[in-house]
Amino acid sequence: MAFNFNWTPLIASTSSPEFYSHAKDLLTLALNKSANSSVIVDSDVTVENLHLGQSAPELEVLEIGDLAEDRFRGVFRMTYDGDALVTVKARVQVNPLCTYINHTTPSYTNPNPLAAASAPLTIPVQLTLSEFKLSGFVILVFSKEKGITLVFRNDPLESMRVQSSFDSIPFIKNYLQKEIERQVRVLFQEELPLAVYKLSIRLLEAEDSGSRKPKDSVEPSHTQMAEEEADEDIVSLYADPSDVPLFPEKNELRLRALRNSQQTLSLFTPRIQGAIYRATPPSSYPGKTMLAETPCAYPGEKASIRPGLHSSNSTMSLGSTHGRRKRKHRIVNLRKGRGESPTSSEPVSPASSEQATVASAPEFDRNSAVGDRPRKLSLVGGECPVPATPTTTQQDAVSPPLPSSPLTNVWRSRPDTPAGPIRGTCYPSGIVEKAFMKRFMAEMTRQAEERRDEIVSESRYL
Amino acid sequence: MLDFMDLIQTAFSTATHWDPDNSYSALNLSSTSLLDFPTPRGLRMHLSSLSTPHFATSYTLGSLNVIDGSLSYLYSSVPLALSPSSTLDLRLLSPGYRQLLPPSPPTAAETLHAATLLYGRMFLPRGTLEALYLRRLSPAHQLRATAVSDAKLRHGGTILFTLQHDTAKYSSEYLYSSDVSLLGWRGLYNFAAPSTGEALGRLSAGAELYYGVLNKSAGMSTGLRYATLPSHPGIPLTMTLTLNPLMGHLSATYAVKAGKSLSLASRFEFNMYSYESDIVMGCEMWRPRGQGAEGVLKARIGQNGAVGLLWEGRVKELLFSVGGLVDFRRREGPVKVLGVEVAYSS
């Protein structure tokens, strides 16, 4: 996959005079949008000179959320240190009393100065903004129907240079520098997205030649809006039925496997060509909605702060007390398989069990049947022996025989001793967590070694 | 054409022996009335009456885009006299060249003390209210407060206080406007006539200063005027020179009463900082009839080719004011503004 950002056509204004004149128009419009001060006389503020410079901004692709022929969503990091410049011109009335008398006060209460206010002095003021230093995160959403939405996530302006007709007066120079920087920040964050959006709509409409009109053109005015749109995109990813055939089931399964792989403790992720594994909090993907339907069976939702350590289905027992208990301490139950009860795994909607299946499928198919739940480590397990204690017995009573797979057998063969004292006791969470992490890491390395051995031995047999 | 209520206020000044000319704001009144006369816009009718010597009413109906109007009432504590429109002196109605008189100290008649004028005007349908309170505090002091109430204005309205102090030798005014907390001072000093013989002219110098407390903006100007007095044997003339040192603006006017029915005026302006300049010339011609006048034609032309024309006169018992602005360089047609005003008063 490659992106080609073509900056050169924008450099020479001779090569694209249309673009420049249009950009000037848009900028002029944006500058005059807010009510002008009465000191600006004769005409509006006009953009005299606009040049995008010889050097292109550096773009670093951080994330591509959606990519298709007619839509694109991505996050870029942009840095710019080039020679772009813009010159703005206006005529300003510098007699303050003149503007006051002529524009503010009604004629009847006019003090009627003799010559103090009737002496207008308009001077042309020229402002040149150059040496922009920009650095910021850009969210770019393109859709053939909605145009281009470009939003700066942060304030991109690092520094700039303001030259004006008042450079000889330091007080005014400093004031202008400060004030214009403030205005440019607003321009980048509010006006520019709007201008880009309008331009894109215009260009797209010209392309479509009116055959297709934008269905719902939402004008982005705030960053928030674009973020909402981005969220919406995730949800509506499969909403359009026309998209489904484009995405083969096989790929979908593999992607799901990739996504679900982080819900385990395995260090191994299924390999998908060209995909980069990225840790995402489990609360952010759509599977959440399905799981949320059975909250009692899936208390691990609460542990979403730790992206990698997703808890298992083991703690069915919490189902009864889930609603009224506030868990202040994290209790770690390392005794595996305790809560692997049918009530906990089976009521979980088929989708979730399927997820678990797929998660294990690509790598573990060789030695375990489909439908196995091979490696689940219970992080959130037992509870403080406060009000509802019967849970323990219930848990023991219903715990089913574990499905047998080589891996779980390995699990089983581990002595239970360290888990014993932990269960049913309240510990200060910090210590417990530390201890747990230690154990956890040891467990992981051991497991990895065993797996490697297994694979080696298998390949030897083969 | 002066408004009926303006005429009444002039009559009030006359009745209370207050000299409105002895003020810095009236420094170049002659040239202003010859060069900056307002031209009517659209159709407008005034119906006014001084029903008792103390009470006057006036109604205005206009049609510029939409029909609007105003009603105004005036009360004066001193009895006033004003001729009805059929016999009114047109020179009073349409001020032109202003013949200055030697400054006279304000009279201290007991009856004039605490003379008060109240005036209010309501504009419909906008709902704007104008109000005036004028009070003679002492023979040498007068307080003038004007206010406008309008929902469109910031803070719903503004008020302007002016305290005027006049001893024939000098006059000063102190202003306060609520709009931007504008503080102002205006002063005029009349130089003494030469001790030998009768004074033929009047030389005055003045200045004004303003400071807006809220917007921290200031303004000022200085001015000089020489005007001939009626005892002058030659042609009556008025010359003024004003300078705004902050803005580098210089303005010189010259007004002359060339004949009994003709006055001419010109104004030259120059800005030292922007090198912008302007010149305006104007004239007024009276058409005499018997003792008084039948009508007056005023015209002015500026450097940019804009011409202002105004005819004011009496037809039967009605006072007419017809005028407009013409610009021959204008592409959309030469006539810019056109208007007719009709007034009747009793």
# chains A, B, ... in the order shown; residues from 1 in each chain; ligands from 1
>>> interface_residues(of="chain A", to="chain B", cutoff="12 Å", atoms="only C-alpha atoms", output="PyMOL selection string")
chain A and resi 93-101+103-124
>>> write_last_selection(atoms="C-alpha atoms", output="tab-separated table (two decimals), in the first residue's frame")
chain	number	residue	atom	x	y	z
A	93	GLN	CA	-9.90	54.25	9.70
A	94	VAL	CA	-7.44	55.38	12.30
A	95	ASN	CA	-9.44	58.25	13.74
A	96	PRO	CA	-11.21	56.52	16.60
A	97	LEU	CA	-13.59	59.39	17.21
A	98	CYS	CA	-14.63	59.27	13.58
A	99	THR	CA	-15.82	55.71	13.79
A	100	TYR	CA	-17.54	56.42	17.06
A	101	ILE	CA	-19.42	59.43	15.76
A	103	HIS	CA	-21.24	54.43	13.39
A	104	THR	CA	-22.02	54.11	17.05
A	105	THR	CA	-23.93	57.02	18.37
A	106	PRO	CA	-27.30	58.18	17.01
A	107	SER	CA	-27.34	61.59	15.45
A	108	TYR	CA	-29.55	63.10	18.10
A	109	THR	CA	-27.10	62.47	20.92
A	110	ASN	CA	-24.14	63.20	18.74
A	111	PRO	CA	-21.81	65.62	20.47
A	112	ASN	CA	-21.15	67.11	17.01
A	113	PRO	CA	-17.46	67.74	17.26
A	114	LEU	CA	-16.35	70.45	14.93
A	115	ALA	CA	-13.29	68.95	13.34
A	116	ALA	CA	-12.14	66.26	15.71
A	117	ALA	CA	-14.30	63.62	14.13
A	118	SER	CA	-14.83	64.99	10.66
A	119	ALA	CA	-11.19	64.38	9.86
A	120	PRO	CA	-11.14	60.91	8.48
A	121	LEU	CA	-7.76	59.33	8.00
A	122	THR	CA	-7.88	55.98	6.30
A	123	ILE	CA	-4.64	54.21	5.77
A	124	PRO	CA	-4.00	51.00	3.93
>>> select_by_dssp(residues="stretch 183-310 of chain B", states="strand (DSSP E or B)", output="compact mmCIF listing (two decimals) with C-alpha atoms, in the first residue's frame")
# COMPACT_ATOMS: atom_id res chain seq x y z
CA LEU B 183 -15.78 63.28 28.05
CA GLY B 184 -15.43 66.45 26.09
CA TRP B 185 -14.55 70.07 26.38
CA ARG B 186 -15.05 72.84 23.88
CA GLY B 187 -13.96 76.43 24.28
CA LEU B 188 -14.13 79.57 22.23
CA TYR B 189 -12.33 82.79 22.94
CA ASN B 190 -13.23 86.07 21.30
CA GLY B 201 -14.58 92.20 12.51
CA ARG B 202 -14.58 89.47 15.08
CA LEU B 203 -11.65 87.15 15.58
CA SER B 204 -12.20 84.00 17.58
CA ALA B 205 -10.07 81.04 18.47
CA GLY B 206 -11.18 77.78 19.95
CA ALA B 207 -10.37 74.20 20.64
CA GLU B 208 -12.07 70.96 21.51
CA LEU B 209 -10.90 67.89 23.33
CA TYR B 210 -12.55 64.50 23.65
CA TYR B 211 -11.62 61.40 25.47
CA GLY B 212 -13.54 58.15 25.45
CA SER B 217 -9.64 56.98 22.29
CA ALA B 218 -9.07 60.67 22.10
CA GLY B 219 -9.73 63.39 19.62
CA MET B 220 -9.06 67.08 19.39
CA SER B 221 -9.08 70.03 17.07
CA THR B 222 -8.27 73.70 17.13
CA GLY B 223 -9.83 76.45 15.09
CA LEU B 224 -9.59 80.07 14.16
CA ARG B 225 -12.25 82.30 12.64
CA TYR B 226 -12.45 85.78 11.33
CA ALA B 227 -15.84 87.20 10.46
CA THR B 228 -16.86 90.69 9.48
CA LEU B 237 -17.18 87.36 4.72
CA THR B 238 -16.20 84.61 7.13
CA MET B 239 -12.95 82.71 7.09
CA THR B 240 -12.13 79.75 9.26
CA LEU B 241 -9.16 77.50 9.66
CA THR B 242 -9.39 74.30 11.65
CA LEU B 243 -6.66 71.86 12.39
CA ASN B 244 -6.81 68.39 13.79
CA HIS B 249 -6.13 67.24 9.02
CA LEU B 250 -6.32 70.81 7.90
CA SER B 251 -9.49 72.50 6.74
CA ALA B 252 -9.98 76.04 5.50
CA THR B 253 -13.32 77.58 4.64
CA TYR B 254 -14.24 80.84 3.05
CA ALA B 255 -17.79 82.11 2.89
CA VAL B 256 -18.85 85.37 1.40
CA LYS B 257 -22.15 87.13 0.99
CA LEU B 262 -26.24 85.45 -3.28
CA SER B 263 -23.77 83.74 -0.99
CA LEU B 264 -20.80 81.64 -1.94
CA ALA B 265 -18.67 79.30 0.08
CA SER B 266 -15.78 76.97 -0.45
CA ARG B 267 -13.86 74.55 1.68
CA PHE B 268 -10.48 73.03 1.17
CA GLU B 269 -9.33 70.04 3.14
CA PHE B 270 -5.95 68.45 3.28
CA ASN B 271 -4.48 65.64 5.27
CA SER B 277 -7.38 66.47 -0.23
CA ASP B 278 -10.86 67.60 -1.01
CA ILE B 279 -12.51 70.76 -2.18
CA VAL B 280 -16.20 71.61 -2.02
CA MET B 281 -17.91 74.67 -3.39
CA GLY B 282 -21.43 75.81 -2.80
CA CYS B 283 -23.79 78.70 -3.26
CA GLU B 284 -27.24 79.87 -2.35
CA MET B 285 -29.51 82.14 -4.35
CA TRP B 286 -32.54 83.80 -2.91
CA ARG B 287 -35.51 84.79 -4.92
CA PRO B 288 -36.89 87.90 -3.27
CA ARG B 289 -40.55 88.79 -3.20
CA GLY B 292 -39.29 88.55 2.31
CA ALA B 293 -38.26 85.78 0.00
CA GLU B 294 -40.14 83.38 -2.17
CA GLY B 295 -37.61 80.65 -2.25
CA VAL B 296 -33.97 79.68 -2.16
CA LEU B 297 -31.86 77.47 -4.37
CA LYS B 298 -28.79 75.85 -2.92
CA ALA B 299 -26.19 73.93 -4.79
CA ARG B 300 -22.86 72.36 -3.98
CA ILE B 301 -20.32 70.42 -5.92
CA GLY B 302 -17.48 68.33 -4.61
CA ALA B 306 -21.16 64.81 -6.79
CA VAL B 307 -23.68 67.61 -6.93
CA GLY B 308 -26.22 68.40 -4.26
CA LEU B 309 -29.26 70.48 -5.17
CA LEU B 310 -31.98 71.86 -2.97
>>> residues_around(residues="A:Ser159", least_positions_apart="5", cutoff="12 Å", atoms="only C-alpha atoms", output="list in words")
Thr79, Tyr80, Asp81, Gly82, Leu129, Ser130, Glu131, Phe132, Lys133, Leu134, Ser135, Gln177, Lys178, Ile180, Glu181, Arg182, Val184 and Arg185 of chain A
>>> residues_around(residues="B:Asp19", least_positions_apart="5", cutoff="8 Å", atoms="only C-alpha atoms", output="list of chain:residue names")
B:Ser13, B:Thr14, B:Pro106
>>> residues_around(residues="A:Leu67", least_positions_apart="4", cutoff="10 Å", atoms="only C-alpha atoms", output="list in words")
Arg71, Phe72, Arg73, Gly74, Val141, Phe142 and Ser143 of chain A
>>> write_last_selection(atoms="C-alpha atoms", output="PDB file, in the first residue's frame")
ATOM      1  CA  ARG A  71     -14.039   6.714   1.328  1.00  0.00           C
ATOM      2  CA  PHE A  72     -11.087   7.153   3.543  1.00  0.00           C
ATOM      3  CA  ARG A  73     -10.530   7.844   7.162  1.00  0.00           C
ATOM      4  CA  GLY A  74      -7.144   8.346   8.651  1.00  0.00           C
ATOM      5  CA  VAL A 141     -12.286  11.763   6.631  1.00  0.00           C
ATOM      6  CA  PHE A 142     -13.150  11.477   3.019  1.00  0.00           C
ATOM      7  CA  SER A 143     -16.353  10.178   1.644  1.00  0.00           C
TER       8      SER A 143
END
>>> decode(residues="stretch 18-52 of chain B", atoms="N, CA, C and O atoms", output="PDB file, in the first residue's frame")
ATOM      1  N   TRP B  18     -30.107  83.667  24.722  1.00  0.00           N
ATOM      2  CA  TRP B  18     -28.924  82.801  24.718  1.00  0.00           C
ATOM      3  C   TRP B  18     -28.356  82.809  23.309  1.00  0.00           C
ATOM      4  O   TRP B  18     -29.086  82.618  22.337  1.00  0.00           O
ATOM      5  N   ASP B  19     -27.083  83.067  23.209  1.00  0.00           N
ATOM      6  CA  ASP B  19     -26.474  83.179  21.888  1.00  0.00           C
ATOM      7  C   ASP B  19     -25.890  81.838  21.464  1.00  0.00           C
ATOM      8  O   ASP B  19     -24.826  81.449  21.952  1.00  0.00           O
ATOM      9  N   PRO B  20     -26.559  81.108  20.576  1.00  0.00           N
ATOM     10  CA  PRO B  20     -26.015  79.807  20.175  1.00  0.00           C
ATOM     11  C   PRO B  20     -24.788  79.933  19.280  1.00  0.00           C
ATOM     12  O   PRO B  20     -24.069  78.968  19.088  1.00  0.00           O
ATOM     13  N   ASP B  21     -24.545  81.137  18.742  1.00  0.00           N
ATOM     14  CA  ASP B  21     -23.393  81.299  17.839  1.00  0.00           C
ATOM     15  C   ASP B  21     -22.080  81.373  18.591  1.00  0.00           C
ATOM     16  O   ASP B  21     -21.024  81.138  18.009  1.00  0.00           O
ATOM     17  N   ASN B  22     -22.158  81.749  19.862  1.00  0.00           N
ATOM     18  CA  ASN B  22     -20.930  81.901  20.617  1.00  0.00           C
ATOM     19  C   ASN B  22     -20.507  80.557  21.215  1.00  0.00           C
ATOM     20  O   ASN B  22     -20.525  80.357  22.432  1.00  0.00           O
ATOM     21  N   SER B  23     -20.180  79.657  20.321  1.00  0.00           N
ATOM     22  CA  SER B  23     -19.775  78.331  20.757  1.00  0.00           C
ATOM     23  C   SER B  23     -18.804  77.792  19.724  1.00  0.00           C
ATOM     24  O   SER B  23     -18.902  78.116  18.534  1.00  0.00           O
ATOM     25  N   TYR B  24     -17.890  76.972  20.197  1.00  0.00           N
ATOM     26  CA  TYR B  24     -16.893  76.441  19.247  1.00  0.00           C
ATOM     27  C   TYR B  24     -17.558  75.553  18.211  1.00  0.00           C
ATOM     28  O   TYR B  24     -17.120  75.482  17.071  1.00  0.00           O
ATOM     29  N   SER B  25     -18.633  74.875  18.583  1.00  0.00           N
ATOM     30  CA  SER B  25     -19.272  73.990  17.618  1.00  0.00           C
ATOM     31  C   SER B  25     -19.943  74.768  16.490  1.00  0.00           C
ATOM     32  O   SER B  25     -20.275  74.194  15.458  1.00  0.00           O
ATOM     33  N   ALA B  26     -20.171  76.069  16.706  1.00  0.00           N
ATOM     34  CA  ALA B  26     -20.772  76.893  15.650  1.00  0.00           C
ATOM     35  C   ALA B  26     -19.726  77.729  14.944  1.00  0.00           C
ATOM     36  O   ALA B  26     -20.060  78.737  14.318  1.00  0.00           O
ATOM     37  N   LEU B  27     -18.471  77.287  15.021  1.00  0.00           N
ATOM     38  CA  LEU B  27     -17.391  78.105  14.476  1.00  0.00           C
ATOM     39  C   LEU B  27     -17.560  78.336  12.979  1.00  0.00           C
ATOM     40  O   LEU B  27     -17.475  79.456  12.497  1.00  0.00           O
ATOM     41  N   ASN B  28     -17.804  77.279  12.240  1.00  0.00           N
ATOM     42  CA  ASN B  28     -17.955  77.489  10.795  1.00  0.00           C
ATOM     43  C   ASN B  28     -19.378  77.189  10.333  1.00  0.00           C
ATOM     44  O   ASN B  28     -19.615  76.423   9.424  1.00  0.00           O
ATOM     45  N   LEU B  29     -20.303  77.832  11.011  1.00  0.00           N
ATOM     46  CA  LEU B  29     -21.720  77.618  10.707  1.00  0.00           C
ATOM     47  C   LEU B  29     -22.068  78.110   9.299  1.00  0.00           C
ATOM     48  O   LEU B  29     -22.856  77.467   8.593  1.00  0.00           O
ATOM     49  N   SER B  30     -21.485  79.236   8.919  1.00  0.00           N
ATOM     50  CA  SER B  30     -21.804  79.796   7.599  1.00  0.00           C
ATOM     51  C   SER B  30     -21.471  78.807   6.493  1.00  0.00           C
ATOM     52  O   SER B  30     -22.294  78.510   5.628  1.00  0.00           O
ATOM     53  N   SER B  31     -20.248  78.308   6.516  1.00  0.00           N
ATOM     54  CA  SER B  31     -19.847  77.419   5.429  1.00  0.00           C
ATOM     55  C   SER B  31     -20.580  76.085   5.520  1.00  0.00           C
ATOM     56  O   SER B  31     -20.899  75.484   4.498  1.00  0.00           O
ATOM     57  N   THR B  32     -20.853  75.627   6.726  1.00  0.00           N
ATOM     58  CA  THR B  32     -21.558  74.354   6.854  1.00  0.00           C
ATOM     59  C   THR B  32     -22.948  74.435   6.242  1.00  0.00           C
ATOM     60  O   THR B  32     -23.383  73.528   5.533  1.00  0.00           O
ATOM     61  N   SER B  33     -23.655  75.538   6.516  1.00  0.00           N
ATOM     62  CA  SER B  33     -25.021  75.610   5.986  1.00  0.00           C
ATOM     63  C   SER B  33     -25.007  75.821   4.478  1.00  0.00           C
ATOM     64  O   SER B  33     -26.005  75.553   3.819  1.00  0.00           O
ATOM     65  N   LEU B  34     -23.905  76.280   3.925  1.00  0.00           N
ATOM     66  CA  LEU B  34     -23.841  76.441   2.479  1.00  0.00           C
ATOM     67  C   LEU B  34     -23.300  75.194   1.774  1.00  0.00           C
ATOM     68  O   LEU B  34     -23.572  74.981   0.600  1.00  0.00           O
ATOM     69  N   LEU B  35     -22.515  74.422   2.505  1.00  0.00           N
ATOM     70  CA  LEU B  35     -21.852  73.292   1.853  1.00  0.00           C
ATOM     71  C   LEU B  35     -22.377  71.928   2.294  1.00  0.00           C
ATOM     72  O   LEU B  35     -22.272  70.964   1.548  1.00  0.00           O
ATOM     73  N   ASP B  36     -22.902  71.849   3.484  1.00  0.00           N
ATOM     74  CA  ASP B  36     -23.326  70.547   4.007  1.00  0.00           C
ATOM     75  C   ASP B  36     -24.824  70.499   4.270  1.00  0.00           C
ATOM     76  O   ASP B  36     -25.276  69.800   5.167  1.00  0.00           O
ATOM     77  N   PHE B  37     -25.589  71.263   3.487  1.00  0.00           N
ATOM     78  CA  PHE B  37     -27.041  71.256   3.720  1.00  0.00           C
ATOM     79  C   PHE B  37     -27.613  69.866   3.451  1.00  0.00           C
ATOM     80  O   PHE B  37     -27.208  69.187   2.505  1.00  0.00           O
ATOM     81  N   PRO B  38     -28.510  69.408   4.301  1.00  0.00           N
ATOM     82  CA  PRO B  38     -29.099  68.081   4.074  1.00  0.00           C
ATOM     83  C   PRO B  38     -30.140  68.137   2.967  1.00  0.00           C
ATOM     84  O   PRO B  38     -30.876  69.110   2.832  1.00  0.00           O
ATOM     85  N   THR B  39     -30.140  67.075   2.166  1.00  0.00           N
ATOM     86  CA  THR B  39     -31.145  67.008   1.098  1.00  0.00           C
ATOM     87  C   THR B  39     -32.204  65.989   1.515  1.00  0.00           C
ATOM     88  O   THR B  39     -31.890  64.992   2.166  1.00  0.00           O
ATOM     89  N   PRO B  40     -33.460  66.269   1.164  1.00  0.00           N
ATOM     90  CA  PRO B  40     -34.513  65.342   1.597  1.00  0.00           C
ATOM     91  C   PRO B  40     -34.410  63.993   0.905  1.00  0.00           C
ATOM     92  O   PRO B  40     -33.861  63.885  -0.198  1.00  0.00           O
ATOM     93  N   ARG B  41     -34.914  63.001   1.566  1.00  0.00           N
ATOM     94  CA  ARG B  41     -34.944  61.628   1.025  1.00  0.00           C
ATOM     95  C   ARG B  41     -36.381  61.137   1.046  1.00  0.00           C
ATOM     96  O   ARG B  41     -37.034  61.161   2.070  1.00  0.00           O
ATOM     97  N   GLY B  42     -36.876  60.749  -0.087  1.00  0.00           N
ATOM     98  CA  GLY B  42     -38.225  60.213  -0.168  1.00  0.00           C
ATOM     99  C   GLY B  42     -39.266  61.287   0.075  1.00  0.00           C
ATOM    100  O   GLY B  42     -38.992  62.490   0.031  1.00  0.00           O
ATOM    101  N   LEU B  43     -40.438  60.861   0.321  1.00  0.00           N
ATOM    102  CA  LEU B  43     -41.540  61.793   0.561  1.00  0.00           C
ATOM    103  C   LEU B  43     -41.783  61.918   2.058  1.00  0.00           C
ATOM    104  O   LEU B  43     -41.824  60.908   2.775  1.00  0.00           O
ATOM    105  N   ARG B  44     -41.911  63.148   2.511  1.00  0.00           N
ATOM    106  CA  ARG B  44     -42.089  63.360   3.942  1.00  0.00           C
ATOM    107  C   ARG B  44     -43.022  64.549   4.166  1.00  0.00           C
ATOM    108  O   ARG B  44     -42.918  65.554   3.451  1.00  0.00           O
ATOM    109  N   MET B  45     -43.898  64.392   5.113  1.00  0.00           N
ATOM    110  CA  MET B  45     -44.842  65.471   5.422  1.00  0.00           C
ATOM    111  C   MET B  45     -44.785  65.799   6.899  1.00  0.00           C
ATOM    112  O   MET B  45     -44.710  64.908   7.743  1.00  0.00           O
ATOM    113  N   HIS B  46     -44.809  67.076   7.175  1.00  0.00           N
ATOM    114  CA  HIS B  46     -44.788  67.546   8.565  1.00  0.00           C
ATOM    115  C   HIS B  46     -46.046  68.361   8.814  1.00  0.00           C
ATOM    116  O   HIS B  46     -46.426  69.197   8.004  1.00  0.00           O
ATOM    117  N   LEU B  47     -46.621  68.114   9.941  1.00  0.00           N
ATOM    118  CA  LEU B  47     -47.801  68.875  10.352  1.00  0.00           C
ATOM    119  C   LEU B  47     -47.541  69.319  11.778  1.00  0.00           C
ATOM    120  O   LEU B  47     -47.402  68.485  12.672  1.00  0.00           O
ATOM    121  N   SER B  48     -47.429  70.627  11.973  1.00  0.00           N
ATOM    122  CA  SER B  48     -46.987  71.100  13.273  1.00  0.00           C
ATOM    123  C   SER B  48     -47.859  72.259  13.735  1.00  0.00           C
ATOM    124  O   SER B  48     -48.485  72.948  12.925  1.00  0.00           O
ATOM    125  N   SER B  49     -47.820  72.455  15.018  1.00  0.00           N
ATOM    126  CA  SER B  49     -48.636  73.531  15.553  1.00  0.00           C
ATOM    127  C   SER B  49     -48.084  73.976  16.896  1.00  0.00           C
ATOM    128  O   SER B  49     -47.687  73.163  17.722  1.00  0.00           O
ATOM    129  N   LEU B  50     -48.014  75.275  17.053  1.00  0.00           N
ATOM    130  CA  LEU B  50     -47.704  75.834  18.362  1.00  0.00           C
ATOM    131  C   LEU B  50     -49.044  76.192  18.986  1.00  0.00           C
ATOM    132  O   LEU B  50     -49.544  77.303  18.833  1.00  0.00           O
ATOM    133  N   SER B  51     -49.650  75.222  19.611  1.00  0.00           N
ATOM    134  CA  SER B  51     -51.037  75.400  20.020  1.00  0.00           C
ATOM    135  C   SER B  51     -51.186  76.458  21.111  1.00  0.00           C
ATOM    136  O   SER B  51     -52.112  77.248  21.085  1.00  0.00           O
ATOM    137  N   THR B  52     -50.286  76.478  22.055  1.00  0.00           N
ATOM    138  CA  THR B  52     -50.265  77.572  23.029  1.00  0.00           C
ATOM    139  C   THR B  52     -48.833  78.090  23.046  1.00  0.00           C
ATOM    140  O   THR B  52     -47.940  77.417  22.549  1.00  0.00           O
TER     141      THR B  52
END
